[in-house]
Amino acid sequence: MDGAYALNAQVGHLLRRANQRHTALFARRFTGFDLTPLQFAVLMKLREAGPLSQNLLGRQTAMDPNTVQGVILRLLRRRLIDRSSSPEDKRRKVLALTESGRALAERLVEQGLAISEETLAPLNAAQRRQFLGLLSKLT
């Protein structure tokens, strides 16, 4: 058997395992909020950036148009975000947090930071900076 390929040393496998760990931490921390990681990402991006077009929101959260559409529809139904026409171009739809969406996003900031902290817990401060820097280069 050729020893050149070891699954546990492959980047895709390691990234998937790290993502599984992070996702489990998210699920544990967000029990009771009825949010997916992608819904959380949309709330946090709108909190950070303010109103955005659907297209730009999708790009800034790394979601394809079909995925972001589904996420937006679920958040609209929950009245966490609002959709309106852009003042510059009535054909363009702009998404923004509603009052309840903003309140929820503010409540979730601490949980989001805690998830990141728990995910990176096995690394020291220098390793965290290096790891995040390297991940940024891959994206």
# chains A, B, ... in the order shown; residues from 1 in each chain; ligands from 1
>>> residues_around(residues="A:Ser116", least_positions_apart="2", cutoff="12 Å", atoms="only C-alpha atoms", output="MDAnalysis selection string")
chainID A and resid 18:19 21:26 29 109:114 118:123 128 132
>>> write_last_selection(atoms="N, CA, C and O atoms", output="PDB file, in the first residue's frame")
ATOM      1  N   ALA A  18     -12.329  20.476  11.643  1.00  0.00           N
ATOM      2  CA  ALA A  18     -12.344  21.736  12.394  1.00  0.00           C
ATOM      3  C   ALA A  18     -13.719  22.390  12.276  1.00  0.00           C
ATOM      4  O   ALA A  18     -14.258  22.917  13.265  1.00  0.00           O
ATOM      5  N   ASN A  19     -14.305  22.333  11.092  1.00  0.00           N
ATOM      6  CA  ASN A  19     -15.644  22.900  10.897  1.00  0.00           C
ATOM      7  C   ASN A  19     -16.691  22.130  11.695  1.00  0.00           C
ATOM      8  O   ASN A  19     -17.609  22.723  12.266  1.00  0.00           O
ATOM      9  N   ARG A  21     -16.215  20.651  14.521  1.00  0.00           N
ATOM     10  CA  ARG A  21     -16.035  21.080  15.908  1.00  0.00           C
ATOM     11  C   ARG A  21     -16.680  22.439  16.132  1.00  0.00           C
ATOM     12  O   ARG A  21     -17.415  22.660  17.092  1.00  0.00           O
ATOM     13  N   HIS A  22     -16.404  23.363  15.228  1.00  0.00           N
ATOM     14  CA  HIS A  22     -16.962  24.709  15.332  1.00  0.00           C
ATOM     15  C   HIS A  22     -18.498  24.672  15.247  1.00  0.00           C
ATOM     16  O   HIS A  22     -19.180  25.347  16.019  1.00  0.00           O
ATOM     17  N   THR A  23     -19.031  23.880  14.350  1.00  0.00           N
ATOM     18  CA  THR A  23     -20.481  23.758  14.184  1.00  0.00           C
ATOM     19  C   THR A  23     -21.130  23.179  15.436  1.00  0.00           C
ATOM     20  O   THR A  23     -22.210  23.618  15.842  1.00  0.00           O
ATOM     21  N   ALA A  24     -20.484  22.211  16.064  1.00  0.00           N
ATOM     22  CA  ALA A  24     -21.019  21.639  17.307  1.00  0.00           C
ATOM     23  C   ALA A  24     -21.029  22.683  18.421  1.00  0.00           C
ATOM     24  O   ALA A  24     -21.995  22.774  19.200  1.00  0.00           O
ATOM     25  N   LEU A  25     -19.990  23.499  18.491  1.00  0.00           N
ATOM     26  CA  LEU A  25     -19.946  24.576  19.485  1.00  0.00           C
ATOM     27  C   LEU A  25     -21.056  25.588  19.216  1.00  0.00           C
ATOM     28  O   LEU A  25     -21.718  26.065  20.144  1.00  0.00           O
ATOM     29  N   PHE A  26     -21.270  25.918  17.952  1.00  0.00           N
ATOM     30  CA  PHE A  26     -22.348  26.836  17.566  1.00  0.00           C
ATOM     31  C   PHE A  26     -23.698  26.278  18.005  1.00  0.00           C
ATOM     32  O   PHE A  26     -24.504  26.974  18.622  1.00  0.00           O
ATOM     33  N   ARG A  29     -24.168  26.520  21.813  1.00  0.00           N
ATOM     34  CA  ARG A  29     -24.330  27.893  22.299  1.00  0.00           C
ATOM     35  C   ARG A  29     -25.640  28.530  21.832  1.00  0.00           C
ATOM     36  O   ARG A  29     -26.177  29.398  22.494  1.00  0.00           O
ATOM     37  N   VAL A 109     -23.857  38.761  19.922  1.00  0.00           N
ATOM     38  CA  VAL A 109     -22.443  39.094  19.723  1.00  0.00           C
ATOM     39  C   VAL A 109     -21.559  38.335  20.702  1.00  0.00           C
ATOM     40  O   VAL A 109     -20.562  37.713  20.316  1.00  0.00           O
ATOM     41  N   GLU A 110     -21.919  38.380  21.969  1.00  0.00           N
ATOM     42  CA  GLU A 110     -21.114  37.713  22.992  1.00  0.00           C
ATOM     43  C   GLU A 110     -21.025  36.206  22.736  1.00  0.00           C
ATOM     44  O   GLU A 110     -19.964  35.600  22.900  1.00  0.00           O
ATOM     45  N   GLN A 111     -22.135  35.594  22.317  1.00  0.00           N
ATOM     46  CA  GLN A 111     -22.126  34.162  22.009  1.00  0.00           C
ATOM     47  C   GLN A 111     -21.214  33.869  20.818  1.00  0.00           C
ATOM     48  O   GLN A 111     -20.476  32.878  20.825  1.00  0.00           O
ATOM     49  N   GLY A 112     -21.283  34.715  19.794  1.00  0.00           N
ATOM     50  CA  GLY A 112     -20.423  34.530  18.629  1.00  0.00           C
ATOM     51  C   GLY A 112     -18.949  34.619  18.986  1.00  0.00           C
ATOM     52  O   GLY A 112     -18.124  33.811  18.521  1.00  0.00           O
ATOM     53  N   LEU A 113     -18.604  35.583  19.816  1.00  0.00           N
ATOM     54  CA  LEU A 113     -17.210  35.714  20.265  1.00  0.00           C
ATOM     55  C   LEU A 113     -16.781  34.502  21.093  1.00  0.00           C
ATOM     56  O   LEU A 113     -15.654  34.020  20.969  1.00  0.00           O
ATOM     57  N   ALA A 114     -17.691  34.007  21.924  1.00  0.00           N
ATOM     58  CA  ALA A 114     -17.380  32.845  22.754  1.00  0.00           C
ATOM     59  C   ALA A 114     -17.148  31.599  21.891  1.00  0.00           C
ATOM     60  O   ALA A 114     -16.258  30.795  22.192  1.00  0.00           O
ATOM     61  N   GLU A 118     -13.785  29.435  21.899  1.00  0.00           N
ATOM     62  CA  GLU A 118     -13.770  27.986  22.154  1.00  0.00           C
ATOM     63  C   GLU A 118     -13.148  27.220  20.986  1.00  0.00           C
ATOM     64  O   GLU A 118     -12.420  26.249  21.195  1.00  0.00           O
ATOM     65  N   THR A 119     -13.455  27.642  19.771  1.00  0.00           N
ATOM     66  CA  THR A 119     -12.905  26.977  18.594  1.00  0.00           C
ATOM     67  C   THR A 119     -11.387  27.068  18.594  1.00  0.00           C
ATOM     68  O   THR A 119     -10.694  26.102  18.276  1.00  0.00           O
ATOM     69  N   LEU A 120     -10.875  28.224  18.961  1.00  0.00           N
ATOM     70  CA  LEU A 120      -9.429  28.460  18.919  1.00  0.00           C
ATOM     71  C   LEU A 120      -8.724  28.114  20.229  1.00  0.00           C
ATOM     72  O   LEU A 120      -7.505  28.287  20.339  1.00  0.00           O
ATOM     73  N   ALA A 121      -9.449  27.622  21.214  1.00  0.00           N
ATOM     74  CA  ALA A 121      -8.889  27.358  22.545  1.00  0.00           C
ATOM     75  C   ALA A 121      -7.608  26.514  22.542  1.00  0.00           C
ATOM     76  O   ALA A 121      -6.718  26.770  23.355  1.00  0.00           O
ATOM     77  N   PRO A 122      -7.469  25.511  21.662  1.00  0.00           N
ATOM     78  CA  PRO A 122      -6.236  24.720  21.704  1.00  0.00           C
ATOM     79  C   PRO A 122      -4.980  25.491  21.270  1.00  0.00           C
ATOM     80  O   PRO A 122      -3.867  25.002  21.445  1.00  0.00           O
ATOM     81  N   LEU A 123      -5.150  26.692  20.718  1.00  0.00           N
ATOM     82  CA  LEU A 123      -4.012  27.463  20.205  1.00  0.00           C
ATOM     83  C   LEU A 123      -3.652  28.600  21.150  1.00  0.00           C
ATOM     84  O   LEU A 123      -4.539  29.212  21.756  1.00  0.00           O
ATOM     85  N   ARG A 128      -3.015  31.538  17.154  1.00  0.00           N
ATOM     86  CA  ARG A 128      -4.320  32.027  16.695  1.00  0.00           C
ATOM     87  C   ARG A 128      -4.151  33.062  15.592  1.00  0.00           C
ATOM     88  O   ARG A 128      -4.819  32.995  14.566  1.00  0.00           O
ATOM     89  N   LEU A 132      -5.427  32.312  11.811  1.00  0.00           N
ATOM     90  CA  LEU A 132      -6.432  33.182  11.178  1.00  0.00           C
ATOM     91  C   LEU A 132      -5.857  33.883   9.954  1.00  0.00           C
ATOM     92  O   LEU A 132      -6.545  34.040   8.939  1.00  0.00           O
TER      93      LEU A 132
END
>>> residues_around(residues="A:Ser84", least_positions_apart="3", cutoff="7 Å", atoms="only C-alpha atoms", output="ChimeraX atom specification")
/A:93-95
>>> write_last_selection(atoms="C-alpha atoms", output="PDB file, in the first residue's frame")
ATOM      1  CA  LYS A  93     -33.720  45.437  -2.946  1.00  0.00           C
ATOM      2  CA  VAL A  94     -31.963  46.521   0.222  1.00  0.00           C
ATOM      3  CA  LEU A  95     -31.925  44.402   3.365  1.00  0.00           C
TER       4      LEU A  95
END
>>> select_by_dssp(residues="chain A", states="strand (DSSP E or B)", output="ChimeraX atom specification")
/A:52-53,81-85,93-97
>>> write_last_selection(atoms="N, CA, C and O atoms", output="PDB file, in the first residue's frame")
ATOM      1  N   LEU A  52     -27.697  46.479   3.175  1.00  0.00           N
ATOM      2  CA  LEU A  52     -26.950  46.005   2.010  1.00  0.00           C
ATOM      3  C   LEU A  52     -27.905  45.441   0.977  1.00  0.00           C
ATOM      4  O   LEU A  52     -28.963  44.913   1.330  1.00  0.00           O
ATOM      5  N   SER A  53     -27.506  45.497  -0.281  1.00  0.00           N
ATOM      6  CA  SER A  53     -28.276  44.816  -1.313  1.00  0.00           C
ATOM      7  C   SER A  53     -28.117  43.319  -1.103  1.00  0.00           C
ATOM      8  O   SER A  53     -27.139  42.853  -0.504  1.00  0.00           O
ATOM      9  N   ILE A  81     -35.285  40.762   9.629  1.00  0.00           N
ATOM     10  CA  ILE A  81     -34.773  41.698   8.634  1.00  0.00           C
ATOM     11  C   ILE A  81     -35.948  42.245   7.837  1.00  0.00           C
ATOM     12  O   ILE A  81     -37.046  41.683   7.852  1.00  0.00           O
ATOM     13  N   ASP A  82     -35.675  43.342   7.155  1.00  0.00           N
ATOM     14  CA  ASP A  82     -36.684  43.998   6.327  1.00  0.00           C
ATOM     15  C   ASP A  82     -36.089  44.191   4.944  1.00  0.00           C
ATOM     16  O   ASP A  82     -34.873  44.377   4.800  1.00  0.00           O
ATOM     17  N   ARG A  83     -36.937  44.166   3.921  1.00  0.00           N
ATOM     18  CA  ARG A  83     -36.496  44.360   2.539  1.00  0.00           C
ATOM     19  C   ARG A  83     -37.237  45.553   1.970  1.00  0.00           C
ATOM     20  O   ARG A  83     -38.467  45.627   2.075  1.00  0.00           O
ATOM     21  N   SER A  84     -36.489  46.471   1.377  1.00  0.00           N
ATOM     22  CA  SER A  84     -37.107  47.650   0.762  1.00  0.00           C
ATOM     23  C   SER A  84     -36.379  47.966  -0.540  1.00  0.00           C
ATOM     24  O   SER A  84     -35.304  47.433  -0.804  1.00  0.00           O
ATOM     25  N   SER A  85     -36.971  48.850  -1.330  1.00  0.00           N
ATOM     26  CA  SER A  85     -36.338  49.269  -2.582  1.00  0.00           C
ATOM     27  C   SER A  85     -35.252  50.285  -2.295  1.00  0.00           C
ATOM     28  O   SER A  85     -35.395  51.136  -1.419  1.00  0.00           O
ATOM     29  N   LYS A  93     -33.164  45.606  -4.288  1.00  0.00           N
ATOM     30  CA  LYS A  93     -33.720  45.437  -2.946  1.00  0.00           C
ATOM     31  C   LYS A  93     -32.599  45.566  -1.913  1.00  0.00           C
ATOM     32  O   LYS A  93     -31.517  45.022  -2.090  1.00  0.00           O
ATOM     33  N   VAL A  94     -32.915  46.298  -0.854  1.00  0.00           N
ATOM     34  CA  VAL A  94     -31.963  46.521   0.222  1.00  0.00           C
ATOM     35  C   VAL A  94     -32.478  45.817   1.468  1.00  0.00           C
ATOM     36  O   VAL A  94     -33.671  45.898   1.796  1.00  0.00           O
ATOM     37  N   LEU A  95     -31.576  45.141   2.154  1.00  0.00           N
ATOM     38  CA  LEU A  95     -31.925  44.402   3.365  1.00  0.00           C
ATOM     39  C   LEU A  95     -31.328  45.111   4.576  1.00  0.00           C
ATOM     40  O   LEU A  95     -30.204  45.601   4.534  1.00  0.00           O
ATOM     41  N   ALA A  96     -32.108  45.155   5.639  1.00  0.00           N
ATOM     42  CA  ALA A  96     -31.658  45.788   6.873  1.00  0.00           C
ATOM     43  C   ALA A  96     -32.254  45.042   8.060  1.00  0.00           C
ATOM     44  O   ALA A  96     -33.287  44.385   7.934  1.00  0.00           O
ATOM     45  N   LEU A  97     -31.609  45.168   9.197  1.00  0.00           N
ATOM     46  CA  LEU A  97     -32.145  44.583  10.419  1.00  0.00           C
ATOM     47  C   LEU A  97     -33.384  45.356  10.863  1.00  0.00           C
ATOM     48  O   LEU A  97     -33.427  46.584  10.764  1.00  0.00           O
TER      49      LEU A  97
END
>>> atom_distance(atom1="atom CA of A:Thr31", atom2="atom CA of A:Arg107")
13.6 Å
>>> closest_residue(among="A:Gln127, A:Ala27, A:Pro87, A:Ala105", to="A:Val42", atoms="only C-alpha atoms")
A:Ala105
>>> closest_residue(among="A:Leu134, A:Tyr5, A:Lys45, A:Met63", to="A:Glu106", atoms="only C-alpha atoms")
A:Lys45
>>> closest_residue(among="A:Ser86, A:Gln130, A:Gln20, A:Ser100", to="A:Leu43", atoms="only C-alpha atoms")
A:Ser100
>>> select_by_dssp(residues="chain A", states="helix (DSSP H, G or I)", output="ChimeraX atom specification")
/A:7-9,11-29,37-49,54-60,65-77,99-120,125-138
